[in-house]
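One file, final_5.cif, carrying mmCIF, C-alpha atoms:
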```
data_structure
#
loop_
_atom_site.group_PDB
_atom_site.id
_atom_site.type_symbol
_atom_site.label_atom_id
_atom_site.label_comp_id
_atom_site.auth_asym_id
_atom_site.auth_seq_id
_atom_site.Cartn_x
_atom_site.Cartn_y
_atom_site.Cartn_z
ATOM 1 C CA MET P 1 30.211 -152.150 -136.927
ATOM 2 C CA THR P 2 32.006 -151.095 -133.763
ATOM 3 C CA MET P 3 30.733 -151.820 -130.322
ATOM 4 C CA VAL P 4 31.618 -149.385 -127.570
ATOM 5 C CA ASP P 5 30.133 -151.497 -124.797
ATOM 6 C CA ASN P 6 29.705 -155.212 -124.203
ATOM 7 C CA LYS P 7 26.009 -155.344 -125.049
ATOM 8 C CA LYS P 8 25.020 -158.172 -127.321
ATOM 9 C CA GLN P 9 23.360 -157.305 -130.599
ATOM 10 C CA ASN P 10 21.160 -159.245 -132.951
ATOM 11 C CA VAL P 11 22.531 -159.784 -136.425
ATOM 12 C CA SER P 12 20.675 -161.062 -139.450
ATOM 13 C CA VAL P 13 22.555 -163.553 -141.630
ATOM 14 C CA ARG P 14 21.389 -165.103 -144.898
ATOM 15 C CA MET P 15 22.097 -168.829 -145.037
ATOM 16 C CA SER P 16 21.141 -171.689 -147.256
ATOM 17 C CA GLY P 17 18.564 -174.106 -145.927
ATOM 18 C CA THR P 18 21.207 -176.839 -146.011
ATOM 19 C CA ASP P 19 23.619 -174.892 -143.786
ATOM 20 C CA LEU P 20 20.853 -173.981 -141.360
ATOM 21 C CA LYS P 21 19.791 -177.635 -141.135
ATOM 22 C CA ARG P 22 23.393 -178.635 -140.408
ATOM 23 C CA ILE P 23 23.551 -176.091 -137.584
ATOM 24 C CA LYS P 24 20.272 -177.341 -136.140
ATOM 25 C CA ASP P 25 21.444 -180.969 -136.394
ATOM 26 C CA ILE P 26 24.725 -180.166 -134.619
ATOM 27 C CA ALA P 27 22.911 -178.211 -131.903
ATOM 28 C CA GLN P 28 20.449 -181.045 -131.351
ATOM 29 C CA ARG P 29 23.173 -183.691 -131.266
ATOM 30 C CA ILE P 30 25.244 -181.891 -128.618
ATOM 31 C CA ASN P 31 22.134 -180.640 -126.807
ATOM 32 C CA VAL P 32 22.701 -176.873 -127.126
ATOM 33 C CA ARG P 33 20.826 -174.008 -128.740
ATOM 34 C CA ASP P 34 21.287 -173.140 -132.417
ATOM 35 C CA SER P 35 22.633 -169.764 -131.341
ATOM 36 C CA ASP P 36 25.397 -171.496 -129.346
ATOM 37 C CA VAL P 37 26.588 -173.231 -132.515
ATOM 38 C CA PHE P 38 26.518 -169.920 -134.414
ATOM 39 C CA ARG P 39 28.531 -168.147 -131.709
ATOM 40 C CA PHE P 40 31.057 -171.000 -131.568
ATOM 41 C CA ALA P 41 31.543 -170.947 -135.343
ATOM 42 C CA ILE P 42 31.949 -167.182 -135.435
ATOM 43 C CA LYS P 43 34.348 -167.003 -132.473
ATOM 44 C CA ASN P 44 36.403 -169.872 -133.866
ATOM 45 C CA THR P 45 36.659 -168.230 -137.282
ATOM 46 C CA LEU P 46 37.452 -164.805 -135.814
ATOM 47 C CA ALA P 47 40.256 -166.332 -133.757
ATOM 48 C CA LYS P 48 41.811 -167.781 -136.924
ATOM 49 C CA LEU P 49 41.549 -164.413 -138.683
ATOM 50 C CA THR P 50 42.771 -162.244 -135.789
ATOM 51 C CA PRO P 51 45.878 -160.925 -137.598
ATOM 52 C CA LEU P 52 43.604 -159.421 -140.284
ATOM 53 C CA ASN P 53 41.993 -157.351 -137.533
ATOM 54 C CA ASP P 54 45.326 -155.704 -136.655
ATOM 55 C CA SER P 55 46.427 -153.059 -139.175
ATOM 56 C CA LEU P 56 50.017 -153.320 -137.910
ATOM 57 C CA VAL P 57 50.263 -156.937 -139.064
ATOM 58 C CA LYS P 58 51.278 -156.949 -142.720
ATOM 59 C CA GLY P 59 53.603 -158.516 -145.210
ATOM 60 C CA LYS P 60 55.053 -161.894 -144.314
ATOM 61 C CA ASP P 61 53.416 -161.686 -140.868
ATOM 62 C CA LEU P 62 50.016 -162.162 -142.554
ATOM 63 C CA LEU P 63 51.041 -165.354 -144.337
ATOM 64 C CA PRO P 64 50.040 -167.691 -141.479
ATOM 65 C CA VAL P 65 46.418 -166.539 -141.838
ATOM 66 C CA PHE P 66 46.266 -167.428 -145.509
ATOM 67 C CA VAL P 67 48.441 -170.539 -145.277
ATOM 68 C CA GLY P 68 46.609 -171.818 -142.203
ATOM 69 C CA ASN P 69 43.210 -171.577 -143.829
ATOM 70 C CA GLY P 70 44.348 -173.268 -147.014
ATOM 71 C CA SER P 71 42.393 -172.316 -150.081
ATOM 72 C CA GLU P 72 39.175 -171.813 -148.099
ATOM 73 C CA LEU P 73 39.787 -168.128 -147.416
ATOM 74 C CA THR P 74 41.004 -167.196 -150.879
ATOM 75 C CA ASN P 75 38.293 -169.197 -152.650
ATOM 76 C CA TYR P 76 35.357 -168.139 -150.475
ATOM 77 C CA PHE P 77 36.162 -164.435 -150.772
ATOM 78 C CA GLU P 78 37.388 -164.839 -154.371
ATOM 79 C CA LEU P 79 40.764 -163.305 -153.560
ATOM 80 C CA ASP P 80 42.843 -163.175 -156.712
ATOM 81 C CA THR P 81 46.542 -162.324 -156.872
ATOM 82 C CA LEU P 82 45.985 -158.549 -157.080
ATOM 83 C CA ARG P 83 43.639 -158.425 -154.092
ATOM 84 C CA LEU P 84 45.842 -160.746 -152.043
ATOM 85 C CA GLU P 85 48.917 -158.687 -152.815
ATOM 86 C CA LYS P 86 47.107 -155.527 -151.760
ATOM 87 C CA ILE P 87 45.948 -157.147 -148.505
ATOM 88 C CA ILE P 88 49.320 -158.692 -147.662
ATOM 89 C CA ASN P 89 51.829 -156.078 -148.881
ATOM 90 C CA ALA P 90 49.892 -152.801 -148.471
ATOM 91 C CA GLY P 91 52.008 -150.340 -146.507
ATOM 92 C CA VAL P 92 55.036 -152.640 -146.330
ATOM 93 C CA ASP P 93 58.171 -150.581 -146.924
ATOM 94 C CA ASP P 94 60.719 -153.086 -145.640
ATOM 95 C CA PRO P 95 61.716 -155.438 -148.495
ATOM 96 C CA GLN P 96 62.453 -158.144 -145.892
ATOM 97 C CA LYS P 97 58.767 -158.128 -144.844
ATOM 98 C CA ARG P 98 57.286 -158.115 -148.374
ATOM 99 C CA VAL P 99 55.930 -161.318 -149.867
ATOM 100 C CA GLU P 100 57.009 -161.851 -153.463
ATOM 101 C CA ARG P 101 54.263 -161.555 -156.064
ATOM 102 C CA GLU P 102 55.093 -165.021 -157.418
ATOM 103 C CA ASP P 103 54.406 -166.545 -153.990
ATOM 104 C CA ILE P 104 51.158 -164.603 -153.619
ATOM 105 C CA GLU P 105 50.147 -165.939 -157.020
ATOM 106 C CA LEU P 106 50.712 -169.509 -155.800
ATOM 107 C CA LEU P 107 48.659 -168.782 -152.696
ATOM 108 C CA ALA P 108 45.787 -167.442 -154.817
ATOM 109 C CA MET P 109 45.845 -170.465 -157.140
ATOM 110 C CA VAL P 110 46.252 -173.333 -154.682
ATOM 111 C CA GLY P 111 42.585 -174.315 -154.547
ATOM 112 C CA ILE P 112 41.833 -173.601 -158.185
ATOM 113 C CA GLN P 113 44.813 -174.561 -160.317
ATOM 114 C CA GLU P 114 46.598 -177.209 -158.301
ATOM 115 C CA ASN P 115 48.469 -178.565 -161.325
ATOM 116 C CA TYR P 116 50.110 -175.179 -161.923
ATOM 117 C CA VAL P 117 50.993 -174.800 -158.240
ATOM 118 C CA TYR P 118 52.416 -178.332 -158.228
ATOM 119 C CA MET P 119 54.540 -177.581 -161.303
ATOM 120 C CA ARG P 120 55.879 -174.333 -159.756
ATOM 121 C CA LEU P 121 56.644 -176.016 -156.433
ATOM 122 C CA LYS P 122 58.587 -178.732 -158.251
ATOM 123 C CA GLN P 123 60.785 -175.951 -159.649
ATOM 124 C CA LEU P 124 61.146 -174.133 -156.321
ATOM 125 C CA LEU P 125 61.697 -176.989 -153.893
ATOM 126 C CA GLU P 126 64.679 -179.260 -153.450
ATOM 127 C CA LYS P 127 62.428 -182.187 -152.609
ATOM 128 C CA GLN P 128 59.673 -182.965 -155.102
ATOM 129 C CA PRO P 129 56.235 -182.526 -153.480
ATOM 130 C CA GLU P 130 53.617 -185.245 -153.699
ATOM 131 C CA GLN P 131 50.876 -184.443 -156.209
ATOM 132 C CA HIS P 132 48.096 -185.061 -153.655
ATOM 133 C CA ALA P 133 49.745 -182.883 -150.989
ATOM 134 C CA VAL P 134 50.070 -179.570 -152.851
ATOM 135 C CA ASN P 135 48.444 -177.571 -150.020
ATOM 136 C CA ASN P 136 50.904 -178.939 -147.461
ATOM 137 C CA ALA P 137 53.884 -178.453 -149.760
ATOM 138 C CA LEU P 138 52.902 -174.821 -150.409
ATOM 139 C CA LYS P 139 52.356 -174.251 -146.686
ATOM 140 C CA ASP P 140 55.790 -175.674 -145.862
ATOM 141 C CA TYR P 141 57.457 -173.687 -148.652
ATOM 142 C CA LEU P 142 55.935 -170.326 -147.642
ATOM 143 C CA LEU P 143 56.437 -170.753 -143.899
ATOM 144 C CA GLU P 144 60.037 -171.879 -144.357
ATOM 145 C CA LYS P 145 60.822 -169.046 -146.776
ATOM 146 C CA TYR P 146 59.158 -166.178 -144.922
ATOM 147 C CA ILE P 147 58.798 -167.223 -141.299
ATOM 148 C CA GLY P 148 61.683 -169.694 -141.099
ATOM 149 C CA GLY P 149 61.978 -172.884 -139.104
ATOM 150 C CA LEU P 150 58.295 -173.235 -138.255
ATOM 151 C CA ARG P 151 57.674 -176.456 -140.147
ATOM 152 C CA GLY P 152 55.271 -178.710 -138.287
ATOM 153 C CA MET P 153 53.811 -175.986 -136.057
ATOM 154 C CA GLU P 154 50.088 -175.589 -135.766
ATOM 155 C CA VAL P 155 48.526 -172.519 -137.377
ATOM 156 C CA GLY P 156 47.711 -170.896 -134.031
ATOM 157 C CA GLU P 157 51.310 -171.285 -132.926
ATOM 158 C CA VAL P 158 52.538 -169.752 -136.184
ATOM 159 C CA ALA P 159 50.234 -166.766 -135.825
ATOM 160 C CA LYS P 160 51.413 -166.157 -132.253
ATOM 161 C CA SER P 161 55.066 -166.313 -133.260
ATOM 162 C CA ALA P 162 54.681 -163.956 -136.243
#
```

Represent the structure of the file as structure tokens.
Amino acid sequence: MTMVDNKKQNVSVRMSGTDLKRIKDIAQRINVRDSDVFRFAIKNTLAKLTPLNDSLVKGKDLLPVFVGNGSELTNYFELDTLRLEKIINAGVDDPQKRVEREDIELLAMVGIQENYVYMRLKQLLEKQPEQHAVNNALKDYLLEKYIGGLRGMEVGEVAKSA
């Protein structure tokens, strides 16, 4: 859906009763309308996913989106290794900008098969990661390898620098 002007449009969204109740509870607690909570959630999520909206951003420059959202993005949209590789590396001719398939595989598995990701990271990293911090270890590994020197930056800062 493309909007040529700035007119607001109504959109119908299917939600579970539980999620709708949570939205209503939040709206009531902070004394705003339900629609304000919806708009906040959507704008906040869109801001995090902005690089996916730009067809010129590809390869390693897309990593901050997937690393910054942890396994939430890959799990919610059921992005397996093949789909992730297509999203990340499609149209990337420069080998320096490509993300290795093995690393994309780790990204796809981080929320599902943490033991495998932990085992692979133990082989790849100089310092052994902590078992309970697999997400952070993978994030550090990928950002250091592909973006370089960005350890400790917030996701928004990483996306802006990419």

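Atom to atom, CA of Gly148 in chain P and CA of Leu106 in chain P stand 18.3 Å apart.
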
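Interatomic distance, CA of Phe66 in chain P against CA of Leu107 in chain P: 7.7 Å.
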
Taking 4 positions as the minimum chain separation for residues in the same chain, which residues sit within 9 Å of Ala90 in chain P when counting all atoms listed in the file? Answer as JSON, numbers by chain. {"P": [58, 59, 85, 86]}

Calculated over only C-alpha atoms, which of the candidates P:Lys127, P:Lys139, P:Arg98, P:Arg29 has the smallest distance to Asn69 in chain P?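 The answer is P:Lys139, which sits nearest to Asn69 in chain P.
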
Within 12 Å of range 6-18 of chain P, counting all atoms listed in the file, which residues qualify if same-chain residues fewer than 5 places away don't, as a CSV table (one decimal) with C-alpha atoms, in the frame of the given file?
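Listing of around35.csv after writing:
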```
chain,number,residue,atom,x,y,z
P,1,MET,CA,30.2,-152.2,-136.9
P,23,ILE,CA,23.6,-176.1,-137.6
P,24,LYS,CA,20.3,-177.3,-136.1
P,25,ASP,CA,21.4,-181.0,-136.4
P,35,SER,CA,22.6,-169.8,-131.3
P,38,PHE,CA,26.5,-169.9,-134.4
P,39,ARG,CA,28.5,-168.1,-131.7
P,42,ILE,CA,31.9,-167.2,-135.4
```

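Residues in contact with range 47-54 of chain P at up to 9 Å, not including ones fewer than 3 positions away on its chain and judged by all atoms listed in the file, are Ile42, Lys43, Asn44, Val57, Lys58, Asp61, Leu62, Pro64, Val65, Phe66, Gly68, Asn69, Ile87, Val155, Gly156 and Ala159 of chain P.
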
Carefully work through the PyMOL selection byres ((chain P and resi 112) around 12) for this structure and note down the residues it includes, as a list of chain:residue names.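 For this structure, the PyMOL selection byres ((chain P and resi 112) around 12) resolves to P:Gly70, P:Ser71, P:Glu72, P:Thr74, P:Asn75, P:Tyr76, P:Glu78, P:Leu79, P:Asp80, P:Glu105, P:Leu106, P:Leu107, P:Ala108, P:Met109, P:Val110, P:Gly111, P:Gln113, P:Glu114, P:Asn115, P:Tyr116, P:Val117, P:Tyr118, P:Val134, P:Asn135.
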
Counting all atoms listed in the file, the option among P:Leu73, P:Ile26, P:Ile88, P:Ala41 closest to Ser55 in chain P: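 Of P:Leu73, P:Ile26, P:Ile88, P:Ala41, the one nearest Ser55 in chain P, counting all atoms listed in the file, is P:Ile88.
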
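As for CA of Tyr141 in chain P and CA of Leu63 in chain P, they are spaced 11.4 Å apart.
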
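Among the candidates P:Gly91, P:Leu82, P:Glu130, P:Lys60, the one nearest to Ile147 in chain P when counting all atoms listed in the file is P:Lys60.
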
Let me make sure I understand: among P:Gln96, P:Lys21, P:Ile104, P:Leu121, which one has the smallest atom-to-atom distance to Arg83 in chain P if we use only C-alpha atoms?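 Closest candidate: P:Ile104.
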
P:Glu102, P:Asp36, P:Val67, P:Val92 ranked by distance to Ala137 in chain P, top pick (using only C-alpha atoms): P:Val67
